[in-house]
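Content type mmCIF, C-alpha atoms, from the file structure.cif:
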data_work
#
loop_
_atom_site.label_atom_id
_atom_site.label_comp_id
_atom_site.auth_asym_id
_atom_site.auth_seq_id
_atom_site.Cartn_x
_atom_site.Cartn_y
_atom_site.Cartn_z
CA GLY E 20 154.38 -52.12 -101.11
CA ILE E 21 151.38 -52.81 -98.89
CA GLY E 22 149.16 -49.78 -98.28
CA LEU E 23 145.69 -48.84 -97.09
CA GLU E 24 142.91 -51.40 -97.55
CA GLN E 25 145.22 -53.98 -99.14
CA ARG E 26 144.71 -57.50 -97.84
CA VAL E 27 147.60 -59.66 -96.71
CA ALA E 28 147.06 -63.37 -96.12
CA VAL E 29 148.92 -64.77 -93.11
CA TYR E 30 149.44 -68.53 -93.32
CA MET E 31 151.47 -69.46 -90.26
CA GLU E 32 151.57 -71.71 -87.26
CA ARG E 33 151.40 -70.06 -83.84
CA SER E 34 154.79 -68.43 -83.23
CA LEU E 35 156.62 -65.19 -82.49
CA GLU E 36 156.64 -64.51 -86.23
CA ILE E 37 152.85 -64.52 -86.37
CA VAL E 38 152.75 -61.58 -83.93
CA ILE E 39 155.32 -59.70 -86.01
CA ALA E 40 153.30 -60.41 -89.16
CA LEU E 41 150.01 -59.10 -87.75
CA LEU E 42 151.59 -55.95 -86.32
CA GLY E 43 153.47 -55.34 -89.58
CA VAL E 44 150.35 -55.65 -91.72
CA LEU E 45 148.39 -53.26 -89.50
CA LYS E 46 151.23 -50.74 -89.31
CA ALA E 47 151.49 -50.73 -93.10
CA GLY E 48 147.79 -49.94 -93.30
CA GLY E 49 146.69 -53.31 -94.64
CA ALA E 50 144.14 -55.82 -93.39
CA TYR E 51 145.29 -59.30 -92.45
CA VAL E 52 143.48 -62.43 -93.60
CA PRO E 53 144.27 -65.37 -91.28
CA LEU E 54 144.73 -68.81 -92.81
CA ASP E 55 144.82 -71.60 -90.25
CA PRO E 56 147.26 -74.37 -91.31
CA ALA E 57 144.85 -76.88 -89.72
CA SER E 58 142.12 -75.99 -92.23
CA PRO E 59 141.50 -78.19 -95.31
CA SER E 60 143.38 -77.11 -98.42
CA GLU E 61 140.10 -76.59 -100.32
CA ARG E 62 139.00 -73.99 -97.75
CA LEU E 63 142.37 -72.25 -97.75
CA ASN E 64 142.51 -72.01 -101.53
CA PHE E 65 138.93 -70.73 -101.68
CA ILE E 66 139.78 -67.96 -99.19
CA LEU E 67 142.81 -67.00 -101.25
CA SER E 68 140.76 -66.81 -104.44
CA ASP E 69 137.97 -64.86 -102.72
CA ALA E 70 140.09 -62.41 -100.69
CA LYS E 71 142.65 -61.88 -103.46
CA PRO E 72 145.44 -60.82 -101.09
CA SER E 73 148.39 -58.90 -102.49
CA VAL E 74 150.87 -60.91 -100.43
CA LEU E 75 150.82 -64.21 -98.56
CA LEU E 76 153.12 -64.31 -95.52
CA THR E 77 154.10 -67.84 -94.56
CA GLN E 78 156.75 -70.12 -93.06
CA PRO E 79 159.14 -72.34 -95.04
CA HIS E 80 157.96 -75.67 -93.61
CA ILE E 81 154.29 -75.14 -94.56
CA GLN E 82 154.41 -72.95 -97.67
CA SER E 83 153.93 -75.87 -100.06
CA ARG E 84 150.44 -76.62 -98.66
CA VAL E 85 148.83 -73.63 -100.37
CA SER E 86 148.97 -72.66 -104.00
CA ASN E 87 147.79 -69.44 -105.59
CA SER E 88 149.75 -68.12 -108.51
CA ALA E 89 148.15 -64.67 -108.29
CA THR E 90 149.53 -64.00 -104.80
CA GLN E 91 153.11 -63.07 -103.97
CA LEU E 92 154.52 -65.61 -101.51
CA VAL E 93 156.84 -64.27 -98.80
CA CYS E 94 158.53 -66.34 -96.09
CA LEU E 95 158.69 -64.03 -93.12
CA GLN E 96 161.68 -65.71 -91.46
CA GLU E 97 163.81 -65.04 -94.53
CA ILE E 98 162.97 -61.33 -94.36
CA LEU E 99 163.45 -61.06 -90.59
CA PHE E 100 166.64 -62.99 -90.20
CA ASP E 101 168.34 -63.05 -93.59
CA SER E 102 167.67 -59.87 -95.54
CA LEU E 103 166.25 -57.33 -93.11
CA PRO E 104 168.16 -54.04 -93.36
CA GLN E 105 169.29 -52.15 -90.26
CA PRO E 106 166.06 -50.91 -88.68
CA SER E 107 165.35 -47.21 -88.60
CA SER E 108 164.96 -45.46 -85.25
CA SER E 109 162.16 -43.23 -86.56
CA ALA E 110 158.51 -44.19 -86.40
CA VAL E 111 156.83 -45.43 -89.55
CA ALA E 112 154.16 -43.00 -90.74
CA SER E 113 150.69 -44.52 -90.92
CA ALA E 114 147.65 -43.03 -92.64
CA VAL E 115 145.18 -45.55 -91.23
CA LYS E 116 141.72 -44.17 -90.42
CA SER E 117 139.17 -45.56 -88.00
CA ASP E 118 136.92 -46.93 -90.75
CA ASP E 119 139.72 -48.72 -92.61
CA ALA E 120 139.78 -52.52 -92.63
CA ALA E 121 141.90 -54.19 -89.95
CA TYR E 122 141.27 -57.89 -90.60
CA VAL E 123 139.06 -60.23 -92.64
CA ILE E 124 138.03 -63.43 -90.84
CA TYR E 125 136.12 -66.12 -92.72
CA THR E 126 133.17 -67.91 -91.13
CA SER E 127 130.99 -70.77 -92.31
CA GLY E 128 128.48 -70.00 -95.07
CA SER E 129 125.06 -71.52 -95.71
CA THR E 130 125.80 -71.68 -99.47
CA GLY E 131 128.61 -74.12 -98.85
CA GLN E 132 131.38 -71.53 -99.15
CA PRO E 133 132.90 -69.53 -96.25
CA LYS E 134 132.22 -65.81 -96.11
CA GLY E 135 134.74 -63.12 -95.19
CA VAL E 136 133.82 -60.57 -92.51
CA VAL E 137 135.58 -57.21 -92.95
CA ASN E 138 136.22 -55.69 -89.52
CA ILE E 139 137.45 -52.13 -89.11
CA HIS E 140 139.83 -50.38 -86.72
CA SER E 141 137.20 -48.42 -84.78
CA GLY E 142 135.35 -51.62 -83.89
CA ILE E 143 138.35 -53.49 -82.55
CA CYS E 144 139.72 -50.38 -80.79
CA ASN E 145 136.40 -49.94 -78.99
CA ARG E 146 136.39 -53.60 -78.01
CA LEU E 147 139.95 -53.55 -76.63
CA LEU E 148 139.50 -50.27 -74.75
CA TRP E 149 136.29 -51.57 -73.17
CA MET E 150 138.10 -54.76 -72.15
CA GLN E 151 140.87 -52.84 -70.42
CA ASP E 152 138.34 -50.58 -68.68
CA ALA E 153 136.41 -53.64 -67.48
CA TYR E 154 139.29 -55.87 -66.36
CA GLN E 155 142.17 -53.47 -65.66
CA ILE E 156 145.16 -55.69 -66.44
CA THR E 157 148.66 -54.35 -65.72
CA GLU E 158 152.29 -55.24 -66.45
CA ALA E 159 151.95 -57.82 -63.65
CA ASP E 160 149.47 -59.83 -65.72
CA CYS E 161 150.18 -62.59 -68.20
CA ILE E 162 147.82 -63.53 -71.04
CA LEU E 163 147.94 -66.86 -72.85
CA GLN E 164 147.48 -66.81 -76.62
CA LYS E 165 146.13 -70.20 -77.59
CA THR E 166 143.15 -69.55 -79.85
CA SER E 167 143.48 -70.18 -83.58
CA PHE E 168 143.96 -66.81 -85.22
CA SER E 169 141.18 -67.62 -87.69
CA PHE E 170 138.86 -67.27 -84.66
CA ASP E 171 138.33 -63.65 -83.59
CA VAL E 172 139.03 -64.23 -79.87
CA SER E 173 142.68 -64.35 -80.94
CA VAL E 174 142.50 -60.62 -81.76
CA TRP E 175 142.25 -59.61 -78.10
CA GLU E 176 144.64 -62.36 -77.04
CA PHE E 177 147.33 -60.84 -79.27
CA PHE E 178 146.73 -57.13 -78.88
CA TRP E 179 145.30 -56.58 -75.39
CA PRO E 180 148.53 -57.47 -73.53
CA LEU E 181 150.67 -55.57 -76.04
CA PHE E 182 148.92 -52.21 -75.62
CA THR E 183 148.66 -52.51 -71.82
CA GLY E 184 152.20 -53.72 -71.11
CA ALA E 185 151.13 -57.14 -69.86
CA ARG E 186 153.11 -60.25 -70.78
CA LEU E 187 152.05 -62.38 -73.75
CA VAL E 188 152.73 -66.12 -73.72
CA ILE E 189 152.22 -67.96 -77.00
CA ALA E 190 151.20 -71.61 -76.81
CA ARG E 191 152.95 -74.04 -79.13
CA PRO E 192 151.21 -74.98 -82.40
CA GLU E 193 148.24 -77.28 -81.70
CA GLY E 194 148.90 -76.82 -77.97
CA HIS E 195 145.34 -75.56 -77.41
CA LYS E 196 144.12 -79.12 -77.98
CA ASP E 197 146.27 -80.63 -75.20
CA SER E 198 144.85 -79.91 -71.73
CA ALA E 199 147.81 -81.50 -69.91
CA TYR E 200 150.22 -79.22 -71.81
CA LEU E 201 148.05 -76.18 -71.04
CA VAL E 202 147.99 -76.95 -67.32
CA LYS E 203 151.80 -77.17 -67.22
CA LEU E 204 152.25 -74.03 -69.33
CA ILE E 205 149.78 -71.96 -67.29
CA ALA E 206 151.41 -72.99 -64.02
CA ALA E 207 154.99 -72.51 -65.26
CA GLU E 208 154.38 -69.10 -66.90
CA ARG E 209 152.10 -67.83 -64.10
CA VAL E 210 149.29 -67.05 -66.53
CA THR E 211 146.65 -64.76 -65.00
CA THR E 212 144.16 -64.38 -67.87
CA LEU E 213 142.97 -66.74 -70.59
CA HIS E 214 140.02 -67.72 -72.75
CA PHE E 215 138.14 -70.98 -73.14
CA VAL E 216 135.15 -72.02 -75.14
CA PRO E 217 132.93 -73.82 -72.59
CA SER E 218 133.50 -77.29 -74.05
CA MET E 219 137.28 -76.89 -73.66
CA LEU E 220 136.86 -75.33 -70.21
CA GLN E 221 135.14 -78.56 -69.13
CA VAL E 222 138.12 -80.61 -70.31
CA PHE E 223 140.55 -78.21 -68.64
CA LEU E 224 138.76 -78.31 -65.28
CA ASP E 225 138.83 -82.12 -65.31
CA SER E 226 142.57 -82.24 -66.05
CA PRO E 227 144.96 -83.49 -63.36
CA GLY E 228 147.00 -80.71 -61.79
CA VAL E 229 144.63 -77.85 -62.60
CA GLU E 230 144.76 -76.86 -58.92
CA GLN E 231 148.41 -75.89 -59.52
CA CYS E 232 147.26 -73.00 -61.74
CA ILE E 233 147.07 -70.70 -58.73
CA ASN E 234 147.97 -67.53 -60.64
CA ILE E 235 144.80 -67.52 -62.73
CA LYS E 236 142.80 -64.38 -61.91
CA ARG E 237 140.14 -64.55 -64.60
CA ILE E 238 138.86 -66.89 -67.28
CA ILE E 239 136.77 -65.51 -70.12
CA CYS E 240 134.27 -67.80 -71.85
CA SER E 241 132.63 -67.24 -75.22
CA GLY E 242 131.95 -69.04 -78.47
CA GLU E 243 129.10 -71.24 -77.26
CA ALA E 244 126.57 -71.40 -74.43
CA LEU E 245 128.00 -71.67 -70.90
CA SER E 246 125.95 -74.09 -68.80
CA LEU E 247 125.02 -73.58 -65.16
CA LYS E 248 126.54 -76.97 -64.33
CA LEU E 249 129.89 -75.97 -65.83
CA GLN E 250 129.79 -72.65 -63.97
CA GLU E 251 129.31 -74.53 -60.71
CA ARG E 252 132.15 -76.90 -61.58
CA PHE E 253 134.44 -73.93 -62.26
CA PHE E 254 134.00 -72.46 -58.79
CA THR E 255 134.74 -75.79 -57.12
CA ARG E 256 138.05 -76.13 -59.00
CA LEU E 257 139.46 -72.60 -59.27
CA GLN E 258 139.62 -69.49 -57.12
CA ALA E 259 139.21 -67.04 -59.97
CA ASP E 260 136.69 -64.81 -61.73
CA LEU E 261 134.61 -66.25 -64.55
CA TYR E 262 133.10 -64.08 -67.30
CA ASN E 263 130.59 -65.11 -69.95
CA LEU E 264 130.83 -63.02 -73.15
CA TYR E 265 128.77 -63.11 -76.31
CA GLY E 266 129.35 -61.80 -79.80
CA PRO E 267 129.64 -62.80 -83.46
CA THR E 268 132.58 -62.24 -85.81
CA GLU E 269 130.45 -59.56 -87.49
CA ALA E 270 130.70 -57.28 -84.43
CA ALA E 271 134.35 -57.10 -83.31
CA ILE E 272 134.51 -60.18 -81.09
CA ASP E 273 132.05 -59.58 -78.20
CA VAL E 274 129.08 -57.29 -77.62
CA THR E 275 127.75 -58.36 -74.20
CA HIS E 276 129.35 -59.49 -70.95
CA TRP E 277 128.35 -61.16 -67.69
CA HIS E 278 130.31 -61.65 -64.45
CA CYS E 279 129.45 -65.10 -63.12
CA THR E 280 128.99 -65.67 -59.38
CA PRO E 281 129.21 -68.87 -57.30
CA GLN E 282 125.78 -68.40 -55.70
CA THR E 283 123.00 -67.63 -58.15
CA SER E 284 119.23 -67.96 -58.26
CA LEU E 285 119.21 -67.98 -62.07
CA SER E 286 118.40 -71.17 -63.97
CA THR E 287 120.84 -70.33 -66.81
CA VAL E 288 124.05 -68.34 -67.26
CA PRO E 289 123.05 -65.03 -68.95
CA ILE E 290 125.06 -63.23 -71.61
CA GLY E 291 124.57 -60.03 -69.61
CA ARG E 292 124.51 -56.46 -70.84
CA PRO E 293 126.02 -54.57 -73.81
CA ILE E 294 129.63 -53.41 -73.72
CA ALA E 295 130.59 -49.74 -74.27
CA ASN E 296 129.23 -47.94 -77.35
CA THR E 297 127.09 -50.95 -78.26
CA GLN E 298 123.31 -51.35 -78.44
CA ILE E 299 121.36 -54.58 -78.26
CA TYR E 300 117.81 -54.83 -79.59
CA LEU E 301 115.56 -57.91 -79.23
CA LEU E 302 113.07 -57.64 -82.09
CA ASP E 303 110.18 -59.56 -83.61
CA PRO E 304 110.01 -60.31 -87.38
CA ARG E 305 108.51 -56.82 -87.98
CA LEU E 306 111.55 -55.22 -86.26
CA GLN E 307 109.44 -54.23 -83.26
CA PRO E 308 110.94 -54.54 -79.73
CA VAL E 309 109.65 -57.53 -77.79
CA PRO E 310 108.47 -57.18 -74.15
CA ILE E 311 110.48 -58.45 -71.19
CA GLY E 312 110.46 -62.24 -71.10
CA VAL E 313 109.41 -62.66 -74.74
CA PRO E 314 111.96 -64.20 -77.15
CA GLY E 315 113.18 -62.06 -80.04
CA GLU E 316 116.00 -62.04 -82.57
CA LEU E 317 119.09 -60.32 -81.19
CA HIS E 318 120.19 -57.31 -83.25
CA ILE E 319 123.43 -55.41 -82.64
CA GLY E 320 124.10 -51.70 -83.17
CA GLY E 321 127.02 -49.42 -82.40
CA VAL E 322 130.63 -48.84 -83.37
CA GLY E 323 131.67 -52.50 -83.26
CA LEU E 324 129.87 -53.61 -86.41
CA ALA E 325 131.87 -55.01 -89.29
CA ARG E 326 131.79 -53.10 -92.56
CA GLU E 327 130.44 -55.93 -94.71
CA TYR E 328 130.83 -59.45 -96.00
CA LEU E 329 133.60 -59.37 -98.58
CA ASN E 330 132.26 -59.76 -102.13
CA ARG E 331 128.75 -60.54 -100.79
CA ASP E 332 126.69 -57.41 -101.44
CA LYS E 333 123.28 -59.09 -101.22
CA LEU E 334 124.14 -60.93 -98.02
CA SER E 335 125.59 -57.75 -96.50
CA ALA E 336 122.40 -55.85 -97.30
CA ALA E 337 120.25 -58.61 -95.80
CA LYS E 338 122.20 -58.93 -92.55
CA PHE E 339 123.44 -55.34 -91.98
CA ILE E 340 120.19 -53.38 -92.11
CA PRO E 341 119.38 -49.68 -91.49
CA ASN E 342 118.78 -48.95 -87.81
CA PRO E 343 115.08 -47.99 -87.45
CA PHE E 344 115.66 -46.58 -83.95
CA THR E 345 117.89 -43.66 -84.91
CA ASN E 346 117.72 -40.52 -87.03
CA TYR E 347 121.21 -41.10 -88.42
CA PRO E 348 120.91 -42.85 -91.80
CA GLU E 349 124.44 -44.28 -91.68
CA GLU E 350 123.76 -46.32 -88.52
CA ARG E 351 123.03 -50.01 -88.98
CA LEU E 352 121.91 -53.10 -87.11
CA TYR E 353 123.34 -56.58 -87.57
CA LYS E 354 120.77 -59.40 -87.59
CA THR E 355 122.50 -62.18 -85.65
CA GLY E 356 120.00 -65.01 -86.11
CA ASP E 357 120.32 -65.62 -82.36
CA LEU E 358 117.28 -65.83 -80.13
CA ALA E 359 117.31 -64.14 -76.72
CA ARG E 360 115.02 -62.55 -74.13
CA TYR E 361 115.24 -59.95 -71.39
CA LEU E 362 115.02 -61.12 -67.79
CA PRO E 363 113.03 -58.87 -65.41
CA ASP E 364 116.14 -56.86 -64.46
CA GLY E 365 117.13 -56.22 -68.08
CA ILE E 366 119.81 -58.92 -68.22
CA ILE E 367 119.87 -60.80 -71.54
CA GLU E 368 119.43 -64.58 -71.67
CA TYR E 369 120.58 -66.46 -74.77
CA LEU E 370 118.04 -69.02 -76.05
CA GLY E 371 119.51 -70.50 -79.24
CA ARG E 372 119.21 -69.99 -83.00
CA ILE E 373 116.29 -69.07 -85.25
CA ASP E 374 117.87 -71.04 -88.11
CA PHE E 375 119.93 -74.21 -88.59
CA GLN E 376 123.37 -72.87 -87.72
CA VAL E 377 125.23 -75.00 -85.16
CA LYS E 378 128.29 -74.38 -83.01
CA LEU E 379 130.99 -76.90 -82.18
CA ILE E 380 133.96 -76.07 -79.94
CA GLY E 381 133.23 -72.40 -80.53
CA TYR E 382 133.17 -72.59 -84.34
CA ARG E 383 130.10 -71.73 -86.40
CA PHE E 384 128.91 -74.27 -88.97
CA GLU E 385 126.12 -73.89 -91.50
CA LEU E 386 124.50 -77.17 -92.54
CA GLY E 387 124.79 -76.09 -96.18
CA ASP E 388 128.54 -75.88 -95.69
CA ILE E 389 128.69 -79.42 -94.31
CA GLU E 390 126.47 -80.72 -97.12
CA ALA E 391 128.67 -79.12 -99.78
#

Please, can you express the file's structure as structure tokens?
Amino acid sequence: GIGLEQRVAVYMERSLEIVIALLGVLKAGGAYVPLDPASPSERLNFILSDAKPSVLLTQPHIQSRVSNSATQLVCLQEILFDSLPQPSSSAVASAVKSDDAAYVIYTSGSTGQPKGVVNIHSGICNRLLWMQDAYQITEADCILQKTSFSFDVSVWEFFWPLFTGARLVIARPEGHKDSAYLVKLIAAERVTTLHFVPSMLQVFLDSPGVEQCINIKRIICSGEALSLKLQERFFTRLQADLYNLYGPTEAAIDVTHWHCTPQTSLSTVPIGRPIANTQIYLLDPRLQPVPIGVPGELHIGGVGLAREYLNRDKLSAAKFIPNPFTNYPEERLYKTGDLARYLPDGIIEYLGRIDFQVKLIGYRFELGDIEA
């Protein structure tokens, strides 16, 4: 019974079934709400009460960890393997439009409660099509899915290989925390493309046997600042391309990219230039552009912006503001709270936060959330 704009919570460990669940929700026209089994029960139950999903898809061995009487609980394995009727050979009709919700990912909130970011199909489509245009993977490539699906990097890990014909390898539950396991898996499955937050990349590069991962073509970093020292370490350990991407959950994963090089005269690793159909503005508190070299708050415009924060009208209005640099009233800017500056050649350098938000292993934390 799921239709357009209906939210479906997905509470599963990393598995084949999780891919089926996400594709099924999107094909039905719904928006999936990821619930990471590693999250505290208080957070999970808050998300369920806030998102009010029509259905919660789960697995038998973990279903008892969440409780919400208002949500219909469905064990996906039972549907797939026990009661699924003979599949039809005809395509399922879908009425999804570009501005319909695709997923709702919750991030840390300064009030002490997480906030849900409603991302739409046009934003994620733009992001995936740009990624394919930039990196040109083929059926010969293999992508490793190891990011928690409550973190938006997982969106491209799941869907990029599937729409290009590349091979998708799914790490075991909690496998992303075990560098020795990752080294063996990457070598055995001939993984060519994968993502690391910089802190985990450091652990991976120091792992015994990493030189056996000879099939790696490219590693994509995002989620926190990439240091120059770590970039140098990368090129001494692997013969592969390294990319530094930047973007918040509120703007369909990433909005800028930078191709790292072994020899550089720069003192930091930049976040680069905007991706396709995306605009970056560095503005002062009066929303005036800052000159080259002068720090300003990074604002994002373009098709990648999320629709809103779910059930947070005031916060949405404060963070998604009208774009003063266009004549189209429907266009908006997202105020990131990140500080950046232009280098002389127009490349963007990330400088930090203008508030008290911190990042740890790629995850955003508001101090109010920790205090609560």

task: Have a look at E:Ala325, E:Val93, E:Leu302, E:Ala259 and name the one nearest to Glu230 of chain E; count all atoms listed in the file.
output: E:Ala259

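Among the candidates E:Leu23, E:Leu317, E:Leu213, E:Ile311, the residue lying nearest to Tyr262 of chain E is E:Leu213 (atoms considered: all atoms listed in the file).
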
- request: Just give me the gap between atom CA of Val136 of chain E and atom CA of Ser68 of chain E in Å, one decimal is fine.
  value: 15.1 Å

Just so the selection is clear, what residues does the PyMOL selection byres ((chain E and resi 141) around 7) cover here, as a compact mmCIF listing (two decimals) with C-alpha atoms, in the frame of the given file?
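As written to disk, out.txt reads:
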# COMPACT_ATOMS: atom_id res chain seq x y z
CA SER E 117 139.17 -45.56 -88.00
CA ASP E 118 136.92 -46.93 -90.75
CA ILE E 139 137.45 -52.13 -89.11
CA HIS E 140 139.83 -50.38 -86.72
CA GLY E 142 135.35 -51.62 -83.89
CA ILE E 143 138.35 -53.49 -82.55
CA CYS E 144 139.72 -50.38 -80.79
CA ASN E 145 136.40 -49.94 -78.99
CA VAL E 322 130.63 -48.84 -83.37

field: Explicit residue set for the PyMOL selection byres ((chain E and resi 60) around 12), as a ChimeraX atom specification
entry: /E:30,54-59,61-67,81-87

query: Excluding same-chain residues fewer than 5 positions from Ile294 of chain E, what lies within 7 Å of it counting only C-alpha atoms, as a count of residues only?
result: 4

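On the file presented, the PyMOL selection byres ((chain E and resi 123) around 8) picks out Ala50, Tyr51, Val52, Pro53, Ala120, Ala121, Tyr122, Ile124, Tyr125, Gly135, Val136, Val137 and Asn138 of chain E.
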
message: Quick one: residues within 10 Å of Tyr265 of chain E, only C-alpha atoms, excluding same-chain residues fewer than 3 positions away - as a list in words?
response: Cys240, Ser241, Gly242, Glu243, Ala244, Ile272, Asp273, Val274, Thr275, His276, Trp277, Pro289, Ile290, Gly291, Arg292, Pro293 and Tyr369 of chain E

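Distance-wise, atom CA of Ile156 of chain E and atom CA of Ser246 of chain E end up 26.7 Å apart.
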
field: d(atom CA of Glu176 of chain E, atom CA of Thr211 of chain E) in Å
entry: 12.4 Å

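If all atoms listed in the file are the atoms counted, then among E:Leu148, E:Leu163, E:Arg351, E:Leu285 the closest residue to Ala336 of chain E is E:Arg351.
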
Enumerate, in order of chain and increasing residue number, the residues of segment 107-204 of chain E with an atom no farther than 10 Å from segment 217-223 of chain E, each with its shortest atom pair and distance in Å to one decimal, counting only C-alpha atoms, as CSV.
residue,atom,partner,partner_atom,distance
E:His195,CA,E:Met219,CA,9.0
E:Lys196,CA,E:Met219,CA,8.4
E:Asp197,CA,E:Phe223,CA,9.0
E:Ser198,CA,E:Phe223,CA,5.6
E:Ala199,CA,E:Phe223,CA,8.1
E:Leu201,CA,E:Phe223,CA,8.1
E:Val202,CA,E:Phe223,CA,7.7

Selected residue of minimal separation from Arg33 of chain E among E:Arg252, E:Lys165, E:Lys116, E:Arg146, counting all atoms listed in the file: E:Lys165

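Nearest to Ala271 of chain E of all the residues E:Val172, E:Val74, E:Leu35, E:Ala295 is E:Val172, based on all atoms listed in the file.
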